[in-house]
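Chemist: Dropping in final25.cif, which is mmCIF, C-alpha atoms:
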```cif
data_protein
loop_
_atom_site.label_atom_id
_atom_site.label_comp_id
_atom_site.auth_asym_id
_atom_site.auth_seq_id
_atom_site.Cartn_x
_atom_site.Cartn_y
_atom_site.Cartn_z
CA MET A 1 -9.77 -31.45 -37.07
CA PRO A 2 -9.39 -34.66 -35.11
CA PHE A 3 -5.73 -34.11 -34.38
CA GLN A 4 -6.25 -30.70 -32.76
CA TYR A 5 -9.18 -32.02 -30.82
CA THR A 6 -7.04 -34.78 -29.31
CA ALA A 7 -4.28 -32.33 -28.44
CA ALA A 8 -6.74 -30.06 -26.64
CA MET A 9 -8.17 -32.96 -24.66
CA SER A 10 -4.75 -34.03 -23.67
CA PHE A 11 -3.92 -30.60 -22.28
CA GLU A 12 -7.11 -30.67 -20.22
CA HIS A 13 -6.28 -34.10 -18.93
CA GLN A 14 -2.82 -33.04 -17.97
CA LEU A 15 -4.26 -30.12 -16.06
CA ALA A 16 -6.77 -32.34 -14.28
CA GLU A 17 -3.99 -34.65 -13.20
CA HIS A 18 -2.29 -31.83 -11.35
CA ARG A 19 -5.43 -30.84 -9.46
CA PRO A 20 -4.76 -32.91 -6.30
CA TYR A 21 -1.25 -31.46 -6.05
CA LEU A 22 -2.58 -27.92 -6.33
CA ILE A 23 -5.38 -28.60 -3.85
CA LYS A 24 -2.88 -29.76 -1.26
CA PHE A 25 -1.00 -26.45 -1.27
CA ALA A 26 -4.14 -24.34 -1.56
CA ARG A 27 -5.51 -26.10 1.54
CA LEU A 28 -2.30 -25.69 3.48
CA GLN A 29 -2.25 -21.97 2.70
CA LEU A 30 -5.96 -21.11 2.88
CA ARG A 31 -7.11 -23.53 5.60
CA ASN A 32 -10.58 -23.57 4.14
CA GLU A 33 -11.92 -26.22 1.80
CA THR A 34 -14.17 -23.89 -0.23
CA TRP A 35 -11.53 -21.21 -0.65
CA ALA A 36 -8.97 -23.82 -1.66
CA GLU A 37 -11.25 -25.36 -4.28
CA ASP A 38 -12.13 -21.92 -5.64
CA ALA A 39 -8.47 -20.96 -5.94
CA VAL A 40 -7.63 -24.21 -7.76
CA SER A 41 -10.64 -23.95 -10.10
CA GLU A 42 -9.62 -20.41 -10.99
CA THR A 43 -6.07 -21.62 -11.59
CA LEU A 44 -7.16 -24.39 -13.95
CA LEU A 45 -9.59 -22.08 -15.78
CA ALA A 46 -6.86 -19.50 -16.24
CA ALA A 47 -4.52 -22.20 -17.56
CA LEU A 48 -7.18 -23.48 -19.98
CA SER A 49 -7.89 -20.02 -21.28
CA ARG A 50 -4.30 -19.40 -22.34
CA PRO A 51 -2.56 -22.67 -23.14
CA GLN A 52 -0.23 -20.71 -25.43
CA ALA A 53 1.28 -19.13 -22.30
CA PHE A 54 2.58 -22.55 -21.38
CA GLN A 55 4.62 -22.91 -24.56
CA GLN A 56 7.72 -21.30 -23.08
CA GLN A 57 7.42 -23.04 -19.75
CA SER A 58 9.49 -26.16 -19.21
CA GLN A 59 7.31 -27.71 -16.57
CA LEU A 60 3.53 -27.71 -16.43
CA LYS A 61 3.45 -28.14 -12.65
CA THR A 62 5.77 -25.19 -12.05
CA TRP A 63 3.64 -23.04 -14.31
CA LEU A 64 0.43 -24.06 -12.54
CA VAL A 65 1.86 -23.46 -9.07
CA GLY A 66 2.86 -19.98 -10.23
CA ILE A 67 -0.72 -19.24 -11.30
CA LEU A 68 -2.09 -20.81 -8.11
CA LYS A 69 -0.03 -18.44 -5.97
CA HIS A 70 -1.70 -15.46 -7.63
CA LYS A 71 -5.15 -16.98 -7.22
CA VAL A 72 -4.47 -17.76 -3.58
CA VAL A 73 -3.46 -14.15 -2.93
CA ASP A 74 -6.72 -13.08 -4.62
CA GLN A 75 -8.65 -15.34 -2.25
CA MET A 76 -6.84 -13.97 0.78
CA ARG A 77 -7.53 -10.41 -0.35
CA GLN A 78 -11.21 -11.10 -0.97
CA ARG A 79 -11.58 -12.88 2.39
CA ALA A 80 -9.31 -10.50 4.28
CA ARG A 81 -11.88 -9.94 7.00
CA GLU A 82 -12.28 -13.66 7.64
CA VAL A 83 -8.64 -14.59 7.23
CA MET A 84 -7.60 -13.29 10.64
CA LEU A 85 -10.85 -14.08 12.47
CA ASP A 86 -9.79 -17.51 13.61
CA THR A 87 -6.90 -16.83 15.92
CA GLY A 88 -7.01 -20.40 17.20
CA ASP A 89 -5.95 -21.39 20.65
CA ASP A 90 -4.37 -18.48 22.44
CA GLU A 91 -1.85 -19.93 24.80
CA GLY A 92 0.11 -16.76 25.18
CA ASP A 93 3.86 -16.41 25.11
CA GLU A 94 5.56 -19.27 23.25
CA LEU A 95 8.94 -17.98 24.35
CA GLU A 96 7.94 -19.08 27.83
CA ALA A 97 7.77 -22.65 26.55
CA LEU A 98 11.51 -22.44 25.97
CA SER A 99 12.00 -22.01 29.73
CA PHE A 100 13.87 -18.91 30.75
CA THR A 101 14.91 -17.99 34.25
CA ALA A 102 13.54 -14.85 35.89
CA ASN A 103 16.45 -12.82 34.54
CA GLY A 104 15.99 -14.14 31.01
CA HIS A 105 18.63 -16.87 30.73
CA PHE A 106 17.94 -20.26 29.19
CA VAL A 107 17.22 -22.81 31.90
CA GLN A 108 18.74 -25.40 29.57
CA PRO A 109 20.75 -24.49 26.47
CA PRO A 110 18.88 -25.12 23.20
CA LEU A 111 19.52 -28.45 21.51
CA ASP A 112 22.24 -28.54 18.89
CA TRP A 113 20.39 -29.50 15.71
CA GLY A 114 23.65 -30.38 14.00
CA ASN A 115 24.17 -29.78 10.30
CA PRO A 116 21.03 -31.26 8.81
CA GLU A 117 21.24 -29.80 5.27
CA GLN A 118 20.98 -33.28 3.71
CA GLN A 119 18.07 -34.30 5.91
CA LEU A 120 16.12 -31.15 5.02
CA GLN A 121 15.69 -32.44 1.47
CA SER A 122 14.38 -35.84 2.48
CA ARG A 123 10.76 -36.75 1.90
CA GLN A 124 10.37 -37.81 5.54
CA PHE A 125 11.52 -34.43 6.80
CA ILE A 126 9.31 -32.52 4.35
CA GLU A 127 6.33 -34.55 5.60
CA VAL A 128 7.08 -33.65 9.22
CA LEU A 129 7.54 -30.01 8.22
CA GLU A 130 4.17 -29.95 6.47
CA THR A 131 2.42 -31.66 9.38
CA CYS A 132 3.89 -29.12 11.82
CA THR A 133 2.73 -26.29 9.54
CA GLU A 134 -0.78 -27.76 9.36
CA ARG A 135 -0.93 -27.78 13.14
CA LEU A 136 -0.52 -24.01 13.42
CA PRO A 137 -3.78 -22.24 14.27
CA ALA A 138 -5.49 -21.26 11.00
CA ALA A 139 -4.91 -17.49 11.04
CA MET A 140 -1.30 -17.92 12.15
CA GLY A 141 -0.68 -20.57 9.50
CA ARG A 142 -2.13 -18.36 6.77
CA VAL A 143 0.11 -15.38 7.44
CA PHE A 144 3.11 -17.61 8.01
CA LEU A 145 2.74 -19.27 4.60
CA MET A 146 2.13 -15.89 2.98
CA ARG A 147 5.71 -15.21 4.09
CA GLU A 148 7.27 -18.60 3.44
CA TRP A 149 5.35 -19.97 0.48
CA LEU A 150 3.99 -16.91 -1.31
CA GLU A 151 7.16 -15.01 -0.35
CA LEU A 152 5.34 -11.76 0.30
CA SER A 153 7.01 -9.02 2.30
CA CYS A 154 5.51 -8.02 5.63
CA GLU A 155 4.44 -4.72 4.06
CA GLU A 156 2.57 -6.58 1.33
CA ILE A 157 0.87 -8.92 3.81
CA CYS A 158 -0.22 -6.01 5.99
CA GLN A 159 -1.59 -4.25 2.93
CA GLU A 160 -3.49 -7.28 1.58
CA LEU A 161 -5.02 -8.18 4.94
CA LYS A 162 -5.26 -4.68 6.45
CA LEU A 163 -3.16 -5.72 9.42
CA SER A 164 -0.96 -3.62 11.65
CA PRO A 165 2.73 -4.55 11.40
CA ASN A 166 2.82 -5.40 15.09
CA HIS A 167 -0.06 -7.81 14.86
CA LEU A 168 1.65 -9.52 11.93
CA TYR A 169 5.06 -9.70 13.65
CA VAL A 170 3.52 -11.28 16.73
CA GLN A 171 1.78 -13.93 14.63
CA LEU A 172 4.93 -14.74 12.64
CA HIS A 173 7.10 -14.84 15.74
CA ARG A 174 4.72 -17.24 17.42
CA ALA A 175 4.44 -19.40 14.31
CA ARG A 176 8.22 -19.75 14.11
CA LEU A 177 8.47 -20.72 17.77
CA ARG A 178 5.76 -23.33 17.40
CA LEU A 179 7.41 -24.80 14.33
CA ARG A 180 10.74 -24.87 16.13
CA GLU A 181 9.20 -26.80 18.98
CA CYS A 182 7.24 -29.16 16.74
CA LEU A 183 10.33 -29.99 14.65
CA GLU A 184 12.39 -30.55 17.77
CA ILE A 185 9.81 -32.97 19.15
CA HIS A 186 9.16 -34.81 15.90
CA TRP A 187 12.54 -34.67 14.19
CA PHE A 188 15.62 -33.05 15.69
CA GLY A 189 15.07 -34.29 19.22
CA LEU A 190 14.62 -37.89 18.12
CA PRO A 191 17.46 -40.34 18.69
CA ARG A 192 17.48 -41.00 14.91
CA GLY A 193 20.83 -39.27 14.90
CA VAL A 194 21.03 -35.62 14.12
CA THR A 195 24.74 -36.15 14.46
CA PRO A 196 25.92 -38.99 12.25
CA MET B 1 20.53 3.06 24.56
CA ILE B 2 20.47 -0.30 26.30
CA LEU B 3 22.87 -2.63 24.57
CA ARG B 4 22.57 -5.42 27.09
CA ARG B 5 20.04 -8.05 26.12
CA ASN B 6 19.34 -11.23 27.98
CA CYS B 7 18.80 -14.57 26.22
CA LYS B 8 15.03 -14.20 26.07
CA GLU B 9 15.31 -10.79 24.43
CA THR B 10 18.02 -12.11 22.13
CA ALA B 11 15.82 -15.03 21.06
CA ALA B 12 13.07 -12.52 20.24
CA LEU B 13 15.51 -10.51 18.09
CA LEU B 14 16.66 -13.64 16.27
CA LEU B 15 13.07 -14.43 15.38
CA ALA B 16 12.24 -10.84 14.45
CA ARG B 17 15.21 -10.83 12.06
CA GLU B 18 13.38 -13.35 9.87
CA ASP B 19 10.60 -10.86 9.20
CA ARG B 20 11.91 -7.35 9.58
CA LYS B 21 15.15 -5.43 9.37
CA LEU B 22 16.66 -4.92 12.77
CA GLY B 23 17.62 -1.42 13.85
CA LEU B 24 21.29 -0.55 14.31
CA GLU B 25 21.07 -0.75 18.06
CA GLU B 26 19.33 -4.13 17.84
CA LYS B 27 21.97 -5.48 15.45
CA LEU B 28 24.74 -4.37 17.73
CA ALA B 29 23.08 -5.74 20.85
CA LEU B 30 22.51 -9.04 19.05
CA ARG B 31 26.14 -9.39 18.00
CA LEU B 32 27.44 -8.46 21.41
CA HIS B 33 25.19 -10.97 23.11
CA LEU B 34 25.93 -13.80 20.64
CA ALA B 35 29.66 -13.26 21.11
CA ALA B 36 29.39 -13.64 24.86
CA CYS B 37 26.76 -16.37 25.20
CA ASP B 38 26.99 -20.15 24.75
CA ALA B 39 23.28 -20.88 24.53
CA CYS B 40 22.01 -18.25 22.10
CA PRO B 41 24.21 -19.26 19.13
CA LEU B 42 22.50 -22.67 19.34
CA PHE B 43 19.12 -21.00 19.15
CA ALA B 44 20.37 -18.85 16.27
CA LYS B 45 21.40 -22.04 14.46
CA GLN B 46 17.94 -23.51 14.95
CA VAL B 47 16.34 -20.41 13.46
CA LEU B 48 18.67 -20.63 10.45
CA THR B 49 17.86 -24.32 10.05
CA LEU B 50 14.16 -23.46 10.04
CA ARG B 51 14.87 -20.88 7.36
CA SER B 52 16.68 -23.31 5.10
CA ALA B 53 14.07 -25.99 5.76
CA PHE B 54 11.40 -23.72 4.31
CA THR B 55 13.63 -22.75 1.41
CA GLN B 56 14.01 -26.46 0.57
CA TRP B 57 10.31 -27.05 1.05
CA ARG B 58 9.35 -24.13 -1.19
CA HIS B 59 11.76 -25.27 -3.87
CA GLN B 60 10.24 -28.74 -3.93
CA ALA B 61 6.66 -27.50 -3.64
CA ASP B 62 7.06 -25.04 -6.50
CA SER B 63 8.80 -27.35 -8.92
CA GLY B 64 6.90 -30.47 -7.96
CA GLU B 65 10.20 -32.30 -7.84
CA ALA B 66 10.19 -35.48 -5.87
CA ALA B 67 12.11 -35.16 -2.65
CA ALA B 68 15.48 -36.83 -2.50
CA PRO B 69 15.51 -40.10 -0.61
CA THR B 70 16.78 -39.91 2.94
CA PRO B 71 20.56 -40.32 2.80
CA PRO B 72 21.96 -43.56 4.19
CA GLY B 73 22.69 -43.42 7.87
CA ASP B 74 19.72 -41.16 8.56
CA GLN B 75 17.13 -43.90 8.40
CA PRO B 76 14.92 -44.01 11.48
#
```
If you convert what's in this file into structure tokens, what do you get?
Modeler:
Amino acid sequence: MPFQYTAAMSFEHQLAEHRPYLIKFARLQLRNETWAEDAVSETLLAALSRPQAFQQQSQLKTWLVGILKHKVVDQMRQRAREVMLDTGDDEGDELEALSFTANGHFVQPPLDWGNPEQQLQSRQFIEVLETCTERLPAAMGRVFLMREWLELSCEEICQELKLSPNHLYVQLHRARLRLRECLEIHWFGLPRGVTP
Amino acid sequence: MILRRNCKETAALLLAREDRKLGLEEKLALRLHLAACDACPLFAKQVLTLRSAFTQWRHQADSGEAAAPTPPGDQP
């Protein structure tokens, strides 16, 4: 049946076209080329094996990202022992970088970031946000994106990776401080005009 | 029960709140400190901005929607 054959090819082609997009997020989350490629291959294979599941979905990309998230969690679970091995550079207490006095007051008040809701949607800001996230040490970045991209609860993350809650909280706390600092340096602290 | 928190401890609570439920005493200490401090509400605002930044990012990443162009006046 030539018509069906063409339709099937076209679905495969559509899937292949989304591969680079999926790879980008798999890399950001997994921080390992092989793991990322495995997760994306599994995603595309799963999609190919049940194209009928796509019928109700409005957007192919949204559907694929949903599958990818499951495959990424599978990778993290399988590699749980390696996931936290790389703790990256250990500079210690990021809160210190904010400069507190001996009795715990801010040396200088934090910068007013204004009301940047509009800016947060801009492509330029998203790029800076992704670059700052990429710069987190690998293990820290992985657990942080499990929270913010995969939207797992801390209990779920601890369970998947066999982590103690305290270890996880410290990693997340440090990730948030680093991102705060990175965004201040590369976006909010720039003269570009946080306040219009 | 120590309700007094300094700014450094308050900053730590504001960050912890993103990932775990604060205890009653922590919530109370946080509110008391924020009401009396000029600097910490600014830090709290930064943490909230970070939160909505990732909400925006996740929305765009998941739907594959192209980001909106930077609004006029915000060009570098």
Chemist: Box time for stretch 146-152 of chain A: axis-aligned, enclosing all its listed atoms, 5 Å extra on each side; report centre and edge lengths in Å to one decimal, as JSON.
Modeler:
```
{"center_x": 4.7, "center_y": -15.9, "center_z": 1.4, "size_x": 15.1, "size_y": 18.2, "size_z": 15.4}
```
Chemist: Compare A:Gln121, A:Gln171, A:Asn115, A:Asn166 by their minimum atom-to-atom distance to B:Ala61, counting all atoms listed in the file, and give me the closest one.
Modeler: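 Among the listed residues, the smallest separation from B:Ala61 belongs to A:Gln121.
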Chemist: Interatomic distance between atom CA of B:Ala44 and atom CA of B:Leu13?
Modeler: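 One can read the atom CA of B:Ala44 to atom CA of B:Leu13 distance as 9.8 Å.
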Chemist: What does the distance from atom CA of B:Ala16 to atom CA of A:Cys154 come to in Å, to one decimal?
Modeler: 11.4 Å
Chemist: Considering all atoms listed in the file, state which residue in the set B:Arg20, B:Lys27, B:His33, B:Arg4 is at the smallest distance from chain A.
Modeler: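 Going through B:Arg20, B:Lys27, B:His33, B:Arg4 one by one, the smallest distance to chain A is for B:Arg20.
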Chemist: Would you mind telling me which residue in A:Leu28, A:Leu98, A:Leu152, A:Ala139 lies nearest to B:Ala11 when using all atoms listed in the file?
Modeler: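 Closest residue, counting all atoms listed in the file: A:Leu98.
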Chemist: If we count all atoms listed in the file and set the cut-off at 8 Å, which residues sit around A:Ala80, ignoring sequence neighbours fewer than 6 positions away in its own chain? Please answer as a VMD selection string.
Modeler: chain A and resid 160 to 162
